[in-house]
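Undergrad: First, the structure itself, so that you have it in front of you.
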Amino acid sequence: MMLPLMAAAILTSCSGDNLEAEYVSSDRLASGTRIDVSGEASTGNVIPVEANCAWTVTTDVSWITITQPSAGRGNGSQSVVFDVIASTSPTSQTGTITIKTGDGIERIITVNQRPGTIVVIPSPTSLFFTYEGGNQTLEITSNSQWTATSSIEWLTINNAQSVSGEGNQQLTIHANENPNSDAIMGAITLTDVDHKAAPVTIYVQVGGRTPMMQITPPNEVSAAGGTATFGVLSNFHWQATVTGLSPEGDWAWVHFVSNNQLSMNGDPSGMPVDATMEFDPNPTLQERIVTIFVTTISPLGKNDEKTIKITQRAATLPVVYQPRITNVAMNEATLTFSTTSTDLPITKCGLLCAQDPNAIDQGTRIAGTLEGEEATVTLPGLQSGTTYYVRAYATNAAGTSYSETMSFKTRQTPGRTDNPNP
C-alpha cells in the first residue's frame, strides 16, 4: 500500500561535483524532519532528496527497510523509498534514516511508529498475601485506556473497587486480613476500554491462619555432581535445614546455593519457592543421601513440618574393552582400546605389559593418549620375536578398571615399520 508520507532532505555544497542544484536558506536545511507511521505494516513511504553530489542512505533499526535506492547521485530531485514492518511493541518506537554525502553533510529523518497490537499487561500476573493482608504494587503496561475491577469487597484497588487508567501505571492493591483458617481467593480484572484486547485476570490469594506447607519432590543428582531443587509452598515464612548425611562424614560436599550454607530461609508465596542444593562429585561406589528438615515459622500456633531426602547416585568405574593391535614391529607395538565412564571423567589410561601372563598385574605400566572414548598406546623397547601379554586400564575418581588380557608377538625380522638402524 502506497502511503503519501513525505519529508524533504536537501543536500548542498558538495565539493568535487560540477552539477548544479537549487540552493536554499539554511533554515530549510535543518535536520530533525519527522515522519509518523501507524503500528501496521506500510510500504512506499517517500522521502524527496535534493542534491548535487553522490550520497548514501542508511537506517539504524531493523523494522525499517530502504527499498530504493541505497545510494544516489545528485541531479535535482530524487526519492528515497522505505517500508515499515508491523509493530509488536505496546509503546511507540522511533528509528532514524540518515542521508549522507561523502563530504560529511547529512540529513537525519526521524520515523516514529505508533504502538502495534493493543495490549494490557500486568506485573506480577498473580498476588499472594500472608494472613495479615496489606498492600502490594501492581504494574500495568498498556498502550490503551483500561479499567481495573476487584471481584470481592475485601480486595481494593487504590482504595476503590474499580479504577480507570491509560497507558503505563502503578496500582496499589490492598487485601484485608484473613480471619479464616484456610486461604481466601479474589481476582482483579483488567479490561481494555475499546475491547480490542482480551480481559486479563490477576488472581489474588490471602493465606490462611493455619500454617500450611507443600513440598515439590527434589530430583536425584548424578555422581558427577550438580544441583537438586525442591519447591516449598507455604503461607508463612519457613526454614530448610540439613539434618543428616548417609553415609556420615564430611559435610563439605553439599550446600544450599542461595547462601552456601546448610540452612536457608524462605518467604511465604502463592507459588512454590525453589530451594536449590549444590552437590560436589561423588567419588565413591556408594550412593549419598541428604536429609532436610523443613518447617514453617508461625507466631500463631503449631508449625507444619516435613522431612525430605535427596539422593546422589553412586559413582561407577570405567568400562574398559580389550585392546586391538594396530601395528607390530620388531621392537615396538601400537595398540588401541575403547573405554567409557558414565559419570566421572577418566583421568588416566594405558596398558599393563609383561612377558609372563601370570605377572601381568605387576607388569610395566605405560600411559596412553585418550581422544573421546578411544585410547592409543605405543609400547617401545620390545624384544624381537617375543610374545607379550597386555591388558588395558582406565581410572576415574572412583577407581581403576581393567580389560581382559590379550597377547601379541613382535616380528622376528624387519618389516616396513621397522627402523633398519635401531
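Residue numbers start at 1 in each chain; chains themselves are named A, B, ... in the order of the C-alpha cells; ligands are numbered from 1 in the order shown.
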Any idea what's packed within 6 Å of Ala375 of chain A, counting only C-alpha atoms, ignoring anything in its chain fewer than 5 positions away? Could you give it as a list in words?
TA: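 Near neighbours after the sequence-gap exclusion: Thr336, Phe337, Thr369 and Leu370 of chain A.
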Undergrad: Might you pull out every residue within 8 Å of Arg313 of chain A, with only C-alpha atoms counted and same-chain residues fewer than 4 positions away left off, and present them as a PyMOL selection string?
TA: chain A and resi 220-223+282+286-288
Undergrad: Output the selection as a tab-separated table (two decimals), in the first residue's frame - C-alpha atoms for each residue.
TA:
```tsv
chain	number	residue	atom	x	y	z
A	220	GLU	CA	18.13	-37.09	42.08
A	221	VAL	CA	21.71	-35.94	41.50
A	222	SER	CA	24.22	-37.84	39.39
A	223	ALA	CA	27.60	-38.94	40.69
A	282	ASN	CA	30.60	-38.38	44.42
A	286	GLN	CA	28.05	-45.83	47.44
A	287	GLU	CA	25.08	-43.51	46.99
A	288	ARG	CA	24.84	-40.48	49.28
```
Undergrad: Determine, using only C-alpha atoms, which residues of segment 219-252 of chain A have any atom at most 12 Å from an atom of segment 179-185 of chain A, and tabulate each with its shortest atom pair and distance in Å to one decimal place, rows ordered by chain and then rising number, as CSV.
TA:
```
residue,atom,partner,partner_atom,distance
A:Ser234,CA,A:Ala183,CA,10.9
A:Asn235,CA,A:Ala183,CA,8.4
A:Phe236,CA,A:Ala183,CA,11.7
```
Undergrad: Would you write out those residues with C-alpha atoms, as a PDB file, in the first residue's frame?
TA:
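Produced file again-v2.pdb, reproduced below:
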```pdb
ATOM      1  CA  SER A 234       3.803 -22.036  52.367  1.00  0.00           C
ATOM      2  CA  ASN A 235       1.553 -19.357  53.829  1.00  0.00           C
ATOM      3  CA  PHE A 236       4.182 -18.497  56.459  1.00  0.00           C
TER       4      PHE A 236
END
```
Undergrad: Which one of A:Pro124, A:Pro199, A:Pro281, A:Gly44 sits closest to Thr147 of chain A if you count only C-alpha atoms?
TA: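 Looking at the shortest contact to Thr147 of chain A, the residue is A:Pro199.
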Undergrad: Report the distance between atom CA of Ala314 of chain A and atom CA of Leu245 of chain A in Å, rounded to one decimal place.
TA: 14.3 Å
Undergrad: Considering only strand (DSSP E or B) as DSSP defines it on the backbone, what residues of segment 82-322 of chain A qualify? List them as a PDB file with C-alpha atoms, in the first residue's frame.
TA:
```pdb
ATOM      1  CA  PHE A  82      11.212   2.746   2.577  1.00  0.00           C
ATOM      2  CA  ASP A  83       8.925   0.080   4.048  1.00  0.00           C
ATOM      3  CA  VAL A  84       7.966  -0.451   7.691  1.00  0.00           C
ATOM      4  CA  GLN A  93       9.103   3.228  18.793  1.00  0.00           C
ATOM      5  CA  THR A  94      11.498   5.504  16.959  1.00  0.00           C
ATOM      6  CA  GLY A  95      14.108   4.920  14.251  1.00  0.00           C
ATOM      7  CA  THR A  96      16.141   7.160  12.002  1.00  0.00           C
ATOM      8  CA  ILE A  97      17.010   7.309   8.322  1.00  0.00           C
ATOM      9  CA  THR A  98      20.293   9.078   7.553  1.00  0.00           C
ATOM     10  CA  ILE A  99      21.151  10.509   4.135  1.00  0.00           C
ATOM     11  CA  LYS A 100      24.830  11.442   3.914  1.00  0.00           C
ATOM     12  CA  THR A 101      27.315  12.741   1.339  1.00  0.00           C
ATOM     13  CA  GLU A 106      23.951  14.578   6.437  1.00  0.00           C
ATOM     14  CA  ARG A 107      20.240  14.862   6.994  1.00  0.00           C
ATOM     15  CA  ILE A 108      18.513  12.757   9.677  1.00  0.00           C
ATOM     16  CA  ILE A 109      14.839  11.911   9.307  1.00  0.00           C
ATOM     17  CA  THR A 110      13.122  10.540  12.431  1.00  0.00           C
ATOM     18  CA  VAL A 111      10.499   7.842  11.851  1.00  0.00           C
ATOM     19  CA  ASN A 112       8.004   7.464  14.722  1.00  0.00           C
ATOM     20  CA  GLN A 113       5.877   4.322  14.659  1.00  0.00           C
ATOM     21  CA  VAL A 120      -2.827  -4.639  28.721  1.00  0.00           C
ATOM     22  CA  ILE A 121      -0.060  -6.421  30.637  1.00  0.00           C
ATOM     23  CA  PRO A 122       0.083  -6.774  34.452  1.00  0.00           C
ATOM     24  CA  SER A 123       3.193  -7.466  36.512  1.00  0.00           C
ATOM     25  CA  SER A 126      -0.706 -13.051  40.426  1.00  0.00           C
ATOM     26  CA  LEU A 127      -0.503 -11.759  44.003  1.00  0.00           C
ATOM     27  CA  PHE A 128      -0.079 -13.526  47.336  1.00  0.00           C
ATOM     28  CA  PHE A 129      -0.564 -12.028  50.812  1.00  0.00           C
ATOM     29  CA  GLY A 134      -1.561  -5.475  53.388  1.00  0.00           C
ATOM     30  CA  ASN A 135      -0.526  -3.554  50.277  1.00  0.00           C
ATOM     31  CA  GLN A 136       1.298  -4.600  47.115  1.00  0.00           C
ATOM     32  CA  THR A 137       2.073  -2.790  43.871  1.00  0.00           C
ATOM     33  CA  LEU A 138       0.714  -3.906  40.516  1.00  0.00           C
ATOM     34  CA  GLU A 139       2.474  -2.559  37.403  1.00  0.00           C
ATOM     35  CA  ILE A 140       0.302  -2.057  34.310  1.00  0.00           C
ATOM     36  CA  THR A 141       1.933  -1.817  30.879  1.00  0.00           C
ATOM     37  CA  SER A 142      -0.529  -0.774  28.196  1.00  0.00           C
ATOM     38  CA  GLN A 145      -7.288   3.032  28.106  1.00  0.00           C
ATOM     39  CA  TRP A 146      -8.291   0.348  30.583  1.00  0.00           C
ATOM     40  CA  THR A 147     -10.247  -0.356  33.765  1.00  0.00           C
ATOM     41  CA  ALA A 148      -9.223  -2.454  36.766  1.00  0.00           C
ATOM     42  CA  THR A 149     -12.003  -4.079  38.762  1.00  0.00           C
ATOM     43  CA  SER A 150     -11.936  -6.093  42.004  1.00  0.00           C
ATOM     44  CA  LEU A 155      -9.828  -6.575  47.902  1.00  0.00           C
ATOM     45  CA  THR A 156      -9.420  -2.928  46.749  1.00  0.00           C
ATOM     46  CA  ILE A 157      -7.509  -1.037  44.061  1.00  0.00           C
ATOM     47  CA  ALA A 160     -11.705   1.573  45.342  1.00  0.00           C
ATOM     48  CA  SER A 162     -12.831  -0.188  40.275  1.00  0.00           C
ATOM     49  CA  VAL A 163     -10.427   2.355  38.744  1.00  0.00           C
ATOM     50  CA  SER A 164      -9.732   3.605  35.229  1.00  0.00           C
ATOM     51  CA  GLY A 165      -6.373   4.412  33.676  1.00  0.00           C
ATOM     52  CA  GLU A 166      -4.446   4.903  30.476  1.00  0.00           C
ATOM     53  CA  GLN A 169       0.674   2.986  35.609  1.00  0.00           C
ATOM     54  CA  GLN A 170       1.197   1.586  39.103  1.00  0.00           C
ATOM     55  CA  LEU A 171      -1.758   0.422  41.187  1.00  0.00           C
ATOM     56  CA  THR A 172      -1.822  -0.161  44.939  1.00  0.00           C
ATOM     57  CA  ILE A 173      -3.611  -3.411  45.715  1.00  0.00           C
ATOM     58  CA  HIS A 174      -4.899  -3.771  49.288  1.00  0.00           C
ATOM     59  CA  ALA A 175      -6.119  -7.024  50.866  1.00  0.00           C
ATOM     60  CA  ILE A 184      -9.200 -16.986  50.558  1.00  0.00           C
ATOM     61  CA  MET A 185      -9.147 -16.078  46.873  1.00  0.00           C
ATOM     62  CA  GLY A 186     -10.068 -12.991  44.884  1.00  0.00           C
ATOM     63  CA  ALA A 187      -9.269 -11.535  41.483  1.00  0.00           C
ATOM     64  CA  ILE A 188      -8.625  -8.271  39.665  1.00  0.00           C
ATOM     65  CA  THR A 189      -9.712  -7.977  36.036  1.00  0.00           C
ATOM     66  CA  LEU A 190      -8.042  -5.589  33.580  1.00  0.00           C
ATOM     67  CA  THR A 191     -10.236  -4.634  30.622  1.00  0.00           C
ATOM     68  CA  ASP A 192      -9.371  -2.591  27.542  1.00  0.00           C
ATOM     69  CA  VAL A 200      -6.681 -10.122  31.831  1.00  0.00           C
ATOM     70  CA  THR A 201      -7.262 -11.662  35.272  1.00  0.00           C
ATOM     71  CA  ILE A 202      -4.817 -11.318  38.184  1.00  0.00           C
ATOM     72  CA  TYR A 203      -5.618 -13.884  40.858  1.00  0.00           C
ATOM     73  CA  VAL A 204      -5.105 -12.773  44.458  1.00  0.00           C
ATOM     74  CA  GLN A 205      -4.668 -15.146  47.400  1.00  0.00           C
ATOM     75  CA  VAL A 206      -4.562 -14.312  51.106  1.00  0.00           C
ATOM     76  CA  MET A 213       3.270 -26.176  53.579  1.00  0.00           C
ATOM     77  CA  GLN A 214       3.539 -28.237  50.395  1.00  0.00           C
ATOM     78  CA  ILE A 215       6.825 -29.656  49.122  1.00  0.00           C
ATOM     79  CA  THR A 216       7.620 -30.387  45.480  1.00  0.00           C
ATOM     80  CA  VAL A 221      21.707 -35.943  41.499  1.00  0.00           C
ATOM     81  CA  GLY A 226      25.151 -30.802  40.111  1.00  0.00           C
ATOM     82  CA  THR A 227      22.024 -29.366  41.681  1.00  0.00           C
ATOM     83  CA  ALA A 228      18.807 -30.678  43.183  1.00  0.00           C
ATOM     84  CA  THR A 229      15.771 -28.423  43.557  1.00  0.00           C
ATOM     85  CA  PHE A 230      12.647 -28.795  45.654  1.00  0.00           C
ATOM     86  CA  GLY A 231       9.784 -26.319  45.862  1.00  0.00           C
ATOM     87  CA  VAL A 232       8.237 -25.015  49.093  1.00  0.00           C
ATOM     88  CA  LEU A 233       4.703 -23.576  49.023  1.00  0.00           C
ATOM     89  CA  SER A 234       3.803 -22.036  52.367  1.00  0.00           C
ATOM     90  CA  HIS A 237       7.905 -17.958  56.483  1.00  0.00           C
ATOM     91  CA  TRP A 238       9.802 -21.254  56.524  1.00  0.00           C
ATOM     92  CA  GLN A 239      13.243 -22.704  57.078  1.00  0.00           C
ATOM     93  CA  ALA A 240      15.003 -25.677  55.467  1.00  0.00           C
ATOM     94  CA  THR A 241      17.974 -27.198  57.315  1.00  0.00           C
ATOM     95  CA  VAL A 242      20.214 -30.172  56.510  1.00  0.00           C
ATOM     96  CA  THR A 243      19.991 -32.512  59.493  1.00  0.00           C
ATOM     97  CA  GLY A 244      21.733 -35.679  58.328  1.00  0.00           C
ATOM     98  CA  LEU A 245      24.051 -37.351  55.832  1.00  0.00           C
ATOM     99  CA  SER A 246      24.231 -41.002  54.860  1.00  0.00           C
ATOM    100  CA  VAL A 254      26.648 -30.260  49.745  1.00  0.00           C
ATOM    101  CA  HIS A 255      25.143 -26.822  50.476  1.00  0.00           C
ATOM    102  CA  PHE A 256      22.252 -24.514  49.580  1.00  0.00           C
ATOM    103  CA  SER A 263      20.253 -23.892  56.042  1.00  0.00           C
ATOM    104  CA  MET A 264      18.097 -21.370  54.193  1.00  0.00           C
ATOM    105  CA  ASN A 265      15.024 -19.265  54.926  1.00  0.00           C
ATOM    106  CA  GLY A 266      12.086 -18.754  52.587  1.00  0.00           C
ATOM    107  CA  VAL A 273       9.650 -21.112  46.114  1.00  0.00           C
ATOM    108  CA  ASP A 274      12.633 -23.096  44.836  1.00  0.00           C
ATOM    109  CA  ALA A 275      15.284 -24.272  47.258  1.00  0.00           C
ATOM    110  CA  THR A 276      18.340 -25.458  45.333  1.00  0.00           C
ATOM    111  CA  MET A 277      21.216 -27.503  46.698  1.00  0.00           C
ATOM    112  CA  GLU A 278      24.574 -27.991  45.029  1.00  0.00           C
ATOM    113  CA  PHE A 279      26.452 -31.309  45.189  1.00  0.00           C
ATOM    114  CA  ARG A 288      24.835 -40.482  49.281  1.00  0.00           C
ATOM    115  CA  ILE A 289      21.616 -39.258  50.936  1.00  0.00           C
ATOM    116  CA  VAL A 290      20.966 -35.812  52.407  1.00  0.00           C
ATOM    117  CA  THR A 291      18.132 -35.396  54.928  1.00  0.00           C
ATOM    118  CA  ILE A 292      16.486 -31.956  55.113  1.00  0.00           C
ATOM    119  CA  PHE A 293      14.031 -30.742  57.770  1.00  0.00           C
ATOM    120  CA  VAL A 294      11.587 -28.056  56.554  1.00  0.00           C
ATOM    121  CA  THR A 295       9.292 -26.162  58.951  1.00  0.00           C
ATOM    122  CA  THR A 296       7.004 -23.145  58.843  1.00  0.00           C
ATOM    123  CA  ILE A 297       7.738 -20.256  61.224  1.00  0.00           C
ATOM    124  CA  GLU A 305       6.895 -29.702  59.466  1.00  0.00           C
ATOM    125  CA  LYS A 306       8.170 -32.018  56.744  1.00  0.00           C
ATOM    126  CA  THR A 307      11.290 -34.092  56.116  1.00  0.00           C
ATOM    127  CA  ILE A 308      12.655 -34.705  52.635  1.00  0.00           C
ATOM    128  CA  LYS A 309      15.629 -36.643  51.317  1.00  0.00           C
ATOM    129  CA  ILE A 310      17.827 -36.073  48.286  1.00  0.00           C
ATOM    130  CA  THR A 311      19.809 -38.945  46.777  1.00  0.00           C
ATOM    131  CA  GLN A 312      23.081 -38.614  44.917  1.00  0.00           C
ATOM    132  CA  VAL A 319      34.294 -49.748  31.337  1.00  0.00           C
ATOM    133  CA  VAL A 320      37.441 -50.904  29.521  1.00  0.00           C
TER     134      VAL A 320
END
```
Undergrad: If I take atom CA of Thr410 of chain A and atom CA of Thr376 of chain A, how far is one from the other in Å, to one decimal?
TA: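 Distance between the two atoms: 17.8 Å.
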Undergrad: Using only C-alpha atoms, pick whichever of A:Trp55, A:Tyr131, A:Phe408, A:Tyr393 has the shortest atom-to-atom distance to Ile366 of chain A.
TA: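 Residue with the minimum atom-to-atom distance to Ile366 of chain A: A:Tyr393.
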Undergrad: Which residues come within 6 Å of Pro357 of chain A, counting only C-alpha atoms, excluding same-chain residues fewer than 2 positions away, as a VMD selection string?
TA: chain A and resid 359 to 360 389
Undergrad: Extract, using only C-alpha atoms, all DNA, RNA and protein residues at most 12 Å from Gln362 of chain A, discarding same-chain residues fewer than 2 positions from it, and format them as a list in words.
TA: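 Near neighbours after the sequence-gap exclusion: Leu351, Leu352, Cys353, Ala354, Gln355, Asp356, Pro357, Asn358, Ala359, Ile360, Thr364, Arg365, Tyr389, Val390 and Arg391 of chain A.
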Undergrad: Convert the current residue selection to file output with C-alpha atoms, as a PDB file, in the first residue's frame.
TA:
```
ATOM      1  CA  LEU A 351      48.380 -50.685  29.210  1.00  0.00           C
ATOM      2  CA  LEU A 352      49.973 -53.169  31.598  1.00  0.00           C
ATOM      3  CA  CYS A 353      52.591 -55.202  29.717  1.00  0.00           C
ATOM      4  CA  ALA A 354      54.533 -58.337  30.718  1.00  0.00           C
ATOM      5  CA  GLN A 355      56.086 -61.437  29.153  1.00  0.00           C
ATOM      6  CA  ASP A 356      54.584 -63.692  31.838  1.00  0.00           C
ATOM      7  CA  PRO A 357      50.760 -63.850  31.743  1.00  0.00           C
ATOM      8  CA  ASN A 358      50.689 -64.635  35.469  1.00  0.00           C
ATOM      9  CA  ALA A 359      52.635 -61.454  36.261  1.00  0.00           C
ATOM     10  CA  ILE A 360      50.564 -59.076  34.163  1.00  0.00           C
ATOM     11  CA  THR A 364      55.158 -52.365  33.149  1.00  0.00           C
ATOM     12  CA  ARG A 365      52.509 -49.633  33.168  1.00  0.00           C
ATOM     13  CA  TYR A 389      50.731 -60.047  27.329  1.00  0.00           C
ATOM     14  CA  VAL A 390      48.804 -56.807  27.841  1.00  0.00           C
ATOM     15  CA  ARG A 391      45.642 -55.586  29.482  1.00  0.00           C
TER      16      ARG A 391
END
```
Undergrad: Smallest atom-to-atom distance to Ala224 of chain A: which of A:Ser298, A:Asn259, A:Gln68, A:Asn396, using only C-alpha atoms?
TA: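 Result for the nearest residue to Ala224 of chain A: A:Asn396.
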